[in-house]
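See below for the structure under consideration.
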Amino acid sequence: MRYSASEKYELIQLVQDSDLSVRQTLKRLSINRSTFYGWLERYVKDGLAGLFDKPAKPGHVWNKISEEHQQAMVQMALDETDLSPRELAVKYTETMSYYVSESSMYRLLKSYDLITSPAYILMQAGDKFDQPSAWVNELWQTDFTYFKIIGWGWYYLSTILDDYSRFIVAWRLCTTMAASDVTDTLDDALAFTGLDQVHVDHKPRLLSDNGPCYISGQLADYLKDQGMSHTRGRPYHPQTQGKIERWHRSMKNQILLDHYYLPSELKNQMQRFVQYYNHERYHESLDNLTPADVYYGRGQEVLKQRKLIKQNTIALRRQLHHDNLNKVNQSVS
């Protein structure tokens, strides 16, 4: 229970005027002896003013981020307005070789009023598959999505996404959603990976929905010739292809911010975004690695380097803290 300064003074007077011992009086008042003697010491020293509650003094924070780095973090946030605090923290760690946690980045930007609501709502998509992949090029997800080009009509994006790394292996803008468009995209993917030139025991398994182009005999014949198997998701259950559905949402959140009047404009914008998505965008589900880091097998090395940066940063902050304490102690003595 908290007591005001006047109540503390009355209790001190009550204990002093009591016929009972201090111990017995405090026991009946349910006041701890150390608490009472603390009040009494402050009253004797400073009078009634000493009985007022004093704000707690913040302790020394040994791992505080330096002012120099705080300003650099804010500047990066101002320069990279499309990045979230999580992405900014990872990018700052890698580019500056100075570890910053997501929570530290968020608190700093919040104090500068740089945290705003997103311009769009991120929708969750199930990304669990009954038979998840364990390595790259084991399972490819594919699907179509659509865009309207002003004056031209509808165009359709066919994508091949590697399930393990979420890397966009191949994509095509098409005027239809025919089986031939799917096979052309698969040709691009096989050529990109070199799987059309070498013999492997197991080619990627294809995962798709039950659209007409995916259940066609033409696609079945193509996959048989290529030695690829085909898995289709349960009808009316798009969560089976959750990763490629999530790719569509992430991509459209950026691509649909503009209007397009020529197919080439949309294609150029897609090329830029795919490059960014594969090689620059830190994916939360991949331990904040990029899809390219995982696809090309350098993910563990990147995580190892980040861990080393974190250890070095913590050691630096601890040393700076000790140096500051030594300076304070020397000035006092």
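Starting from 1 in every chain, residues are counted up; chains themselves are A, B, ... following the order of the structure tokens, and ligands are numbered from 1 as listed.
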
- prompt: Could you name the residues that touch Tyr214 (chain A) at 10 Å or less, counting only C-alpha atoms, but leaving out those on the same chain fewer than 2 positions away, as a PyMOL selection string?
  reply: chain A and resi 142-143+177-179+182-183+207-212+216-220+230-232

task: Apply DSSP to the backbone of this structure and, from region 74-242 of chain A, keep only the residues in strand (DSSP E or B); write these as a PyMOL selection string.
output: chain A and resi 139-149+153-162+168-174+205-208+230-232

Could you turn the residues from that selection into a file that holds C-alpha atoms, as a tab-separated table (two decimals), in the first residue's frame?
chain	number	residue	atom	x	y	z
A	139	LEU	CA	8.98	-29.22	-54.92
A	140	TRP	CA	7.87	-26.34	-57.13
A	141	GLN	CA	4.63	-24.46	-56.57
A	142	THR	CA	2.90	-22.85	-59.54
A	143	ASP	CA	-0.16	-20.68	-60.03
A	144	PHE	CA	-1.62	-17.83	-62.10
A	145	THR	CA	-2.65	-14.37	-61.01
A	146	TYR	CA	-3.94	-11.51	-63.14
A	147	PHE	CA	-3.40	-7.80	-63.90
A	148	LYS	CA	-5.35	-5.31	-65.96
A	149	ILE	CA	-3.37	-3.14	-68.36
A	153	GLY	CA	-7.12	-5.86	-71.12
A	154	TRP	CA	-6.13	-8.68	-68.78
A	155	TYR	CA	-2.66	-10.21	-68.55
A	156	TYR	CA	-1.81	-13.28	-66.50
A	157	LEU	CA	1.32	-14.00	-64.48
A	158	SER	CA	2.52	-17.60	-64.40
A	159	THR	CA	5.08	-18.28	-61.66
A	160	ILE	CA	7.28	-21.18	-60.58
A	161	LEU	CA	8.27	-20.87	-56.91
A	162	ASP	CA	10.70	-23.19	-55.12
A	168	ILE	CA	11.09	-17.36	-57.77
A	169	VAL	CA	12.64	-19.74	-60.28
A	170	ALA	CA	10.74	-18.48	-63.34
A	171	TRP	CA	7.80	-16.29	-64.32
A	172	ARG	CA	5.99	-15.22	-67.49
A	173	LEU	CA	3.39	-12.63	-68.42
A	174	CYS	CA	0.81	-14.33	-70.64
A	205	ARG	CA	7.57	-32.30	-58.10
A	206	LEU	CA	4.97	-29.80	-59.29
A	207	LEU	CA	2.26	-28.54	-56.91
A	208	SER	CA	-0.73	-26.69	-58.36
A	230	HIS	CA	2.39	-33.68	-60.24
A	231	THR	CA	0.47	-33.01	-57.02
A	232	ARG	CA	-2.76	-31.01	-56.99

- line: With distances taken over only C-alpha atoms, the candidate from A:His202, A:Met73, A:Pro291, A:Gly151 nearest Tyr261 (chain A) is A:Gly151

task: Using only C-alpha atoms, determine which residues lie at most 10 Å from region 74-82 of chain A, disregarding the query and same-chain residues fewer than 2 positions distant; provide the list as JSON, numbers by chain.
output: {"A": [69, 70, 71, 72, 84, 85, 87, 88, 89, 91, 92, 105, 108, 109, 112, 114, 115, 118, 254]}

Those same residues, written as a short mmCIF file (atom, residue, chain, number, x, y, z; two decimals), in the first residue's frame with C-alpha atoms?
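The result, stored in selection25.cif:
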data_model
loop_
_atom_site.label_atom_id
_atom_site.label_comp_id
_atom_site.auth_asym_id
_atom_site.auth_seq_id
_atom_site.Cartn_x
_atom_site.Cartn_y
_atom_site.Cartn_z
CA HIS A 69 24.21 4.58 -34.26
CA GLN A 70 20.76 5.79 -33.23
CA GLN A 71 21.00 8.67 -35.67
CA ALA A 72 22.24 6.32 -38.40
CA SER A 84 9.57 -2.57 -41.80
CA PRO A 85 11.43 -2.30 -38.46
CA GLU A 87 13.81 -5.51 -42.24
CA LEU A 88 15.57 -2.32 -41.18
CA ALA A 89 17.14 -4.09 -38.19
CA LYS A 91 19.75 -4.53 -43.05
CA TYR A 92 21.44 -2.27 -40.50
CA MET A 105 14.68 -0.54 -33.99
CA LEU A 108 13.67 4.03 -31.58
CA LEU A 109 11.48 4.70 -34.61
CA TYR A 112 10.63 9.58 -33.51
CA LEU A 114 8.21 7.03 -37.64
CA ILE A 115 5.97 4.01 -37.07
CA PRO A 118 0.65 0.02 -43.29
CA GLN A 254 3.74 -3.23 -54.47
#

task: Write out as a list of chain:residue names the residues lying within 12 Å of Gln311 (chain A), counting only C-alpha atoms and excluding same-chain residues fewer than 4 positions away.
output: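 The residues that qualify are A:Asn63, A:Thr93, A:Ser97, A:Tyr98, A:Tyr99, A:Val100, A:Lys304, A:Gln305, A:Arg306, A:Lys307, A:Ala315, A:Leu316, A:Arg317, A:Arg318.
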
- prompt: Could you pull the residues within 10 Å of Asp53 (chain A), counting only C-alpha atoms, minus those fewer than 3 positions along the same chain, as number ranges by chain?
  reply: A: 2-5, 49-50, 56
